[in-house]
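The structure appears below as structure tokens.
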Amino acid sequence: MKLEEILKTLNATLLVGDSQLNKEISRCGASDLMSDILAALSEDCLLLTGLTTVQVIRTAMVAGVGAVVFVRGKKPPQEVIDMAKAQGIPLISSPYSMFVSCGRLHASNLTGLDGKR
Amino acid sequence: MSKLKKSFHVKARDFIRAGEASINVQNLLKSMNFDPRLIRRVAICGYEGEMNAVMHGGDGNLSVEVDTDRLTLEISDEGPGIEDIELAMQAGYSTANDDHREMGFGAGMGLPNMKKNSDQIHIESQKNLGTVVRMIFFLPEEGKTN
């Protein structure tokens, strides 16, 4: 699924990543625990989280996460946006809750980090 | 003799910069054209270890050493040490506080995750004498791939 379609599915705003709307994403991980993401097959995945700290971006850099979704309409502080921009990591903000965001992506055929549905 | 050794400072309780040393190691290994899968494993171990030092330890260092057959990653800190290493290695065991959890850490997965991603892990620690976590990643022979 292209990042552009994910934006529509999540009724979301793109905060960073104008040039990456064609990026393909097929696996999703949802967690507020960065160790869960670091412990899983999270390369090129979509990371859904309610955290908006710089550690989310560092986790994304270390694990090779493809894009980050902030749920419940959260917007990260400017330094987090700047860091993501510098690293080329797309950031998305969705008004939906974690549960509803995951449900909508699952209904659109996206899988978990292990490829299972 | 090692081909390269580089060390980066890690500052205790600096939650804003926590992780920078690991990103520096990641960038260094990328510039040396290591296998991206190996770089990812090293970066994950470094980052978990660095977060541990920042959250629980004292000021310290993250160092990486490259030899012909192995890469050694070492996180040392001058903190309070680990009283019971075996207990600390158990998934889910944690002494973290709310500040740590607000950053997405402190669920007791750091050391188990470091063990999973490295080929060998050695921990030396004594109460009030700091901690050294050393991880070894074996490199494939020249011309061979993992």
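Residue names in the structure tokens use chain letters A, B, ... in the order shown, residue numbers from 1 in each chain, and ligand numbers from 1 in the order shown.
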Residue hits in chain B, query chain A, radius 12 Å, only C-alpha atoms, as a PyMOL selection string: chain B and resi 14-27+30+36-52+91-92+99-117
So which residues touch Pro95 (chain A) within 8 Å, counting only C-alpha atoms, skipping near sequence neighbours fewer than 5 positions away, as a ChimeraX atom specification? /A:10-12,71-74
Please identify the helix (DSSP H, G or I) residues within region 37-101 of chain A (assignment by DSSP from backbone atoms) and present them as JSON, numbers by chain. {"A": [37, 38, 39, 54, 55, 56, 57, 58, 59, 60, 61, 62, 63, 78, 79, 80, 81, 82, 83, 84, 85, 86, 87, 98, 99, 100, 101]}
Tell me, as a VMD selection string, which residues lie within 8 Å of region 77-85 of chain A, counting only C-alpha atoms; anything in the same chain fewer than 3 positions away does not count. chain A and resid 15 to 17 52 to 54 57 88 to 91
Export of prior selection with N, CA, C and O atoms as a JSON list (two decimals), in the first residue's frame:
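See part.json below for the written result:
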[["chain", "number", "residue", "atom", "x", "y", "z"],
["A", 15, "LEU", "N", 3.04, 15.18, 8.00],
["A", 15, "LEU", "CA", 3.85, 16.22, 8.65],
["A", 15, "LEU", "C", 5.23, 16.32, 8.00],
["A", 15, "LEU", "O", 5.80, 17.40, 7.89],
["A", 16, "VAL", "N", 5.75, 15.19, 7.56],
["A", 16, "VAL", "CA", 7.06, 15.12, 6.90],
["A", 16, "VAL", "C", 6.99, 14.04, 5.83],
["A", 16, "VAL", "O", 6.42, 12.98, 6.07],
["A", 17, "GLY", "N", 7.56, 14.32, 4.64],
["A", 17, "GLY", "CA", 7.68, 13.25, 3.64],
["A", 17, "GLY", "C", 6.94, 13.49, 2.33],
["A", 17, "GLY", "O", 6.50, 12.54, 1.68],
["A", 52, "THR", "N", 5.48, 10.89, 21.21],
["A", 52, "THR", "CA", 5.96, 11.90, 20.25],
["A", 52, "THR", "C", 7.34, 12.42, 20.62],
["A", 52, "THR", "O", 7.68, 13.56, 20.33],
["A", 53, "THR", "N", 8.16, 11.59, 21.25],
["A", 53, "THR", "CA", 9.48, 12.06, 21.68],
["A", 53, "THR", "C", 10.55, 11.79, 20.61],
["A", 53, "THR", "O", 10.31, 11.05, 19.66],
["A", 54, "VAL", "N", 11.74, 12.40, 20.81],
["A", 54, "VAL", "CA", 12.84, 12.17, 19.87],
["A", 54, "VAL", "C", 13.23, 10.69, 19.82],
["A", 54, "VAL", "O", 13.77, 10.22, 18.82],
["A", 57, "ILE", "N", 11.93, 8.79, 16.84],
["A", 57, "ILE", "CA", 12.68, 8.97, 15.59],
["A", 57, "ILE", "C", 13.99, 8.17, 15.64],
["A", 57, "ILE", "O", 14.38, 7.54, 14.67],
["A", 88, "GLY", "N", 14.85, 11.87, 6.58],
["A", 88, "GLY", "CA", 13.98, 11.38, 5.50],
["A", 88, "GLY", "C", 12.99, 10.33, 5.97],
["A", 88, "GLY", "O", 12.66, 9.39, 5.24],
["A", 89, "ILE", "N", 12.51, 10.47, 7.21],
["A", 89, "ILE", "CA", 11.51, 9.53, 7.73],
["A", 89, "ILE", "C", 10.13, 10.22, 7.71],
["A", 89, "ILE", "O", 9.92, 11.21, 8.41],
["A", 90, "PRO", "N", 9.19, 9.71, 6.90],
["A", 90, "PRO", "CA", 7.87, 10.34, 6.82],
["A", 90, "PRO", "C", 7.14, 10.28, 8.17],
["A", 90, "PRO", "O", 7.20, 9.25, 8.86],
["A", 91, "LEU", "N", 6.46, 11.37, 8.53],
["A", 91, "LEU", "CA", 5.65, 11.44, 9.75],
["A", 91, "LEU", "C", 4.21, 11.77, 9.38],
["A", 91, "LEU", "O", 3.97, 12.63, 8.55]]
What does the distance from CA of Ser108 (chain A) to CA of Ile6 (chain A) come to in Å, to one decimal? 8.9 Å
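Using only C-alpha atoms, the smallest distance between any of A:Leu7, A:Thr111, A:Leu46, A:Glu24 and Tyr96 (chain A) comes from A:Leu7.
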Identify all residues of region 5-113 of chain A in strand (DSSP E or B) (DSSP on the backbone) and supply them as a list in words.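 DSSP on the backbone gives strand (DSSP E or B) at Thr13, Leu14, Leu15, Val16, Glu24, Arg27, Cys28, Gly29, Ala30, Leu46, Leu47, Leu48, Thr49, Ala67, Val68, Val69, Phe70, Leu91, Ile92, Ser93 and Thr111 of chain A.
Going from CA of Gln90 (chain B) to CA of Val66 (chain B) covers 29.2 Å.
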Within 9 Å of region 70-73 of chain B, counting only C-alpha atoms, which residues show up once you throw out same-chain ones fewer than 3 positions away? Write them as an mmCIF file with N, CA, C and O atoms, in the first residue's frame, please.
data_model
loop_
_atom_site.group_PDB
_atom_site.id
_atom_site.type_symbol
_atom_site.label_atom_id
_atom_site.label_comp_id
_atom_site.auth_asym_id
_atom_site.auth_seq_id
_atom_site.Cartn_x
_atom_site.Cartn_y
_atom_site.Cartn_z
ATOM 1 N N VAL B 42 23.776 -4.360 15.247
ATOM 2 C CA VAL B 42 24.704 -3.616 16.109
ATOM 3 C C VAL B 42 24.031 -2.351 16.640
ATOM 4 O O VAL B 42 24.135 -2.017 17.828
ATOM 5 N N CYS B 45 21.491 -3.173 19.397
ATOM 6 C CA CYS B 45 22.180 -3.490 20.651
ATOM 7 C C CYS B 45 22.754 -2.225 21.286
ATOM 8 O O CYS B 45 22.656 -2.027 22.504
ATOM 9 N N GLY B 46 23.358 -1.377 20.448
ATOM 10 C CA GLY B 46 23.951 -0.144 20.962
ATOM 11 C C GLY B 46 22.895 0.755 21.582
ATOM 12 O O GLY B 46 23.077 1.289 22.689
ATOM 13 N N LEU B 62 30.203 4.440 24.705
ATOM 14 C CA LEU B 62 29.810 3.386 23.771
ATOM 15 C C LEU B 62 30.960 3.276 22.788
ATOM 16 O O LEU B 62 31.319 4.265 22.149
ATOM 17 N N SER B 63 31.578 2.098 22.717
ATOM 18 C CA SER B 63 32.701 1.981 21.791
ATOM 19 C C SER B 63 32.500 0.808 20.841
ATOM 20 O O SER B 63 31.817 -0.162 21.165
ATOM 21 N N VAL B 64 33.073 0.967 19.668
ATOM 22 C CA VAL B 64 32.996 -0.099 18.671
ATOM 23 C C VAL B 64 34.416 -0.402 18.200
ATOM 24 O O VAL B 64 35.221 0.507 18.006
ATOM 25 N N GLU B 65 34.724 -1.688 18.090
ATOM 26 C CA GLU B 65 36.051 -2.107 17.662
ATOM 27 C C GLU B 65 35.888 -3.125 16.541
ATOM 28 O O GLU B 65 35.129 -4.094 16.686
ATOM 29 N N VAL B 66 36.568 -2.888 15.447
ATOM 30 C CA VAL B 66 36.460 -3.795 14.304
ATOM 31 C C VAL B 66 37.746 -4.579 14.142
ATOM 32 O O VAL B 66 38.829 -4.000 14.044
ATOM 33 N N ASP B 67 37.652 -5.892 14.173
ATOM 34 C CA ASP B 67 38.784 -6.775 13.884
ATOM 35 C C ASP B 67 38.468 -7.537 12.601
ATOM 36 O O ASP B 67 37.389 -7.410 12.052
ATOM 37 N N VAL B 133 28.960 -3.807 29.441
ATOM 38 C CA VAL B 133 28.270 -4.797 28.616
ATOM 39 C C VAL B 133 29.039 -4.889 27.305
ATOM 40 O O VAL B 133 29.199 -3.899 26.594
ATOM 41 N N ARG B 134 29.552 -6.086 27.023
ATOM 42 C CA ARG B 134 30.356 -6.274 25.807
ATOM 43 C C ARG B 134 29.634 -7.259 24.887
ATOM 44 O O ARG B 134 29.248 -8.347 25.330
ATOM 45 N N MET B 135 29.440 -6.870 23.657
ATOM 46 C CA MET B 135 28.772 -7.764 22.708
ATOM 47 C C MET B 135 29.669 -8.026 21.507
ATOM 48 O O MET B 135 30.330 -7.117 21.012
ATOM 49 N N ILE B 136 29.685 -9.278 21.083
ATOM 50 C CA ILE B 136 30.528 -9.678 19.948
ATOM 51 C C ILE B 136 29.618 -10.048 18.777
ATOM 52 O O ILE B 136 28.596 -10.726 18.955
ATOM 53 N N PHE B 137 30.023 -9.595 17.605
ATOM 54 C CA PHE B 137 29.335 -9.954 16.359
ATOM 55 C C PHE B 137 30.398 -10.555 15.449
ATOM 56 O O PHE B 137 31.353 -9.862 15.088
ATOM 57 N N PHE B 138 30.253 -11.826 15.117
ATOM 58 C CA PHE B 138 31.264 -12.457 14.260
ATOM 59 C C PHE B 138 31.032 -12.049 12.805
ATOM 60 O O PHE B 138 29.898 -11.997 12.328
ATOM 61 N N LEU B 139 32.136 -11.756 12.136
ATOM 62 C CA LEU B 139 32.048 -11.312 10.742
ATOM 63 C C LEU B 139 32.311 -12.499 9.827
ATOM 64 O O LEU B 139 33.112 -13.368 10.154
ATOM 65 N N PRO B 140 31.638 -12.529 8.665
ATOM 66 C CA PRO B 140 31.908 -13.618 7.724
ATOM 67 C C PRO B 140 33.321 -13.466 7.168
ATOM 68 O O PRO B 140 33.859 -12.360 7.143
#
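Ranking A:Cys45, A:Ile92, A:Val65, A:Cys28 by their shortest atom-to-atom distance to Arg104 (chain A), with only C-alpha atoms included, puts A:Cys28 first.
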Which residues are close to Val10 (chain B), i.e. within 7 Å by only C-alpha atoms, leaving aside same-chain residues fewer than 2 positions away? Reply as a PyMOL selection string. chain B and resi 8+12+21+59-62
Lys127 (chain B): which residues within 6 Å, counting only C-alpha atoms, same-chain residues fewer than 6 positions away excluded, as JSON, numbers by chain? {"B": [80, 81, 83]}
In terms of the shortest atom-to-atom distance over only C-alpha atoms, which of A:Lys116, A:Ala60, A:Thr9, A:Ala86 is closest to Cys102 (chain A)?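 Among A:Lys116, A:Ala60, A:Thr9, A:Ala86, it is A:Thr9 that comes nearest to Cys102 (chain A).
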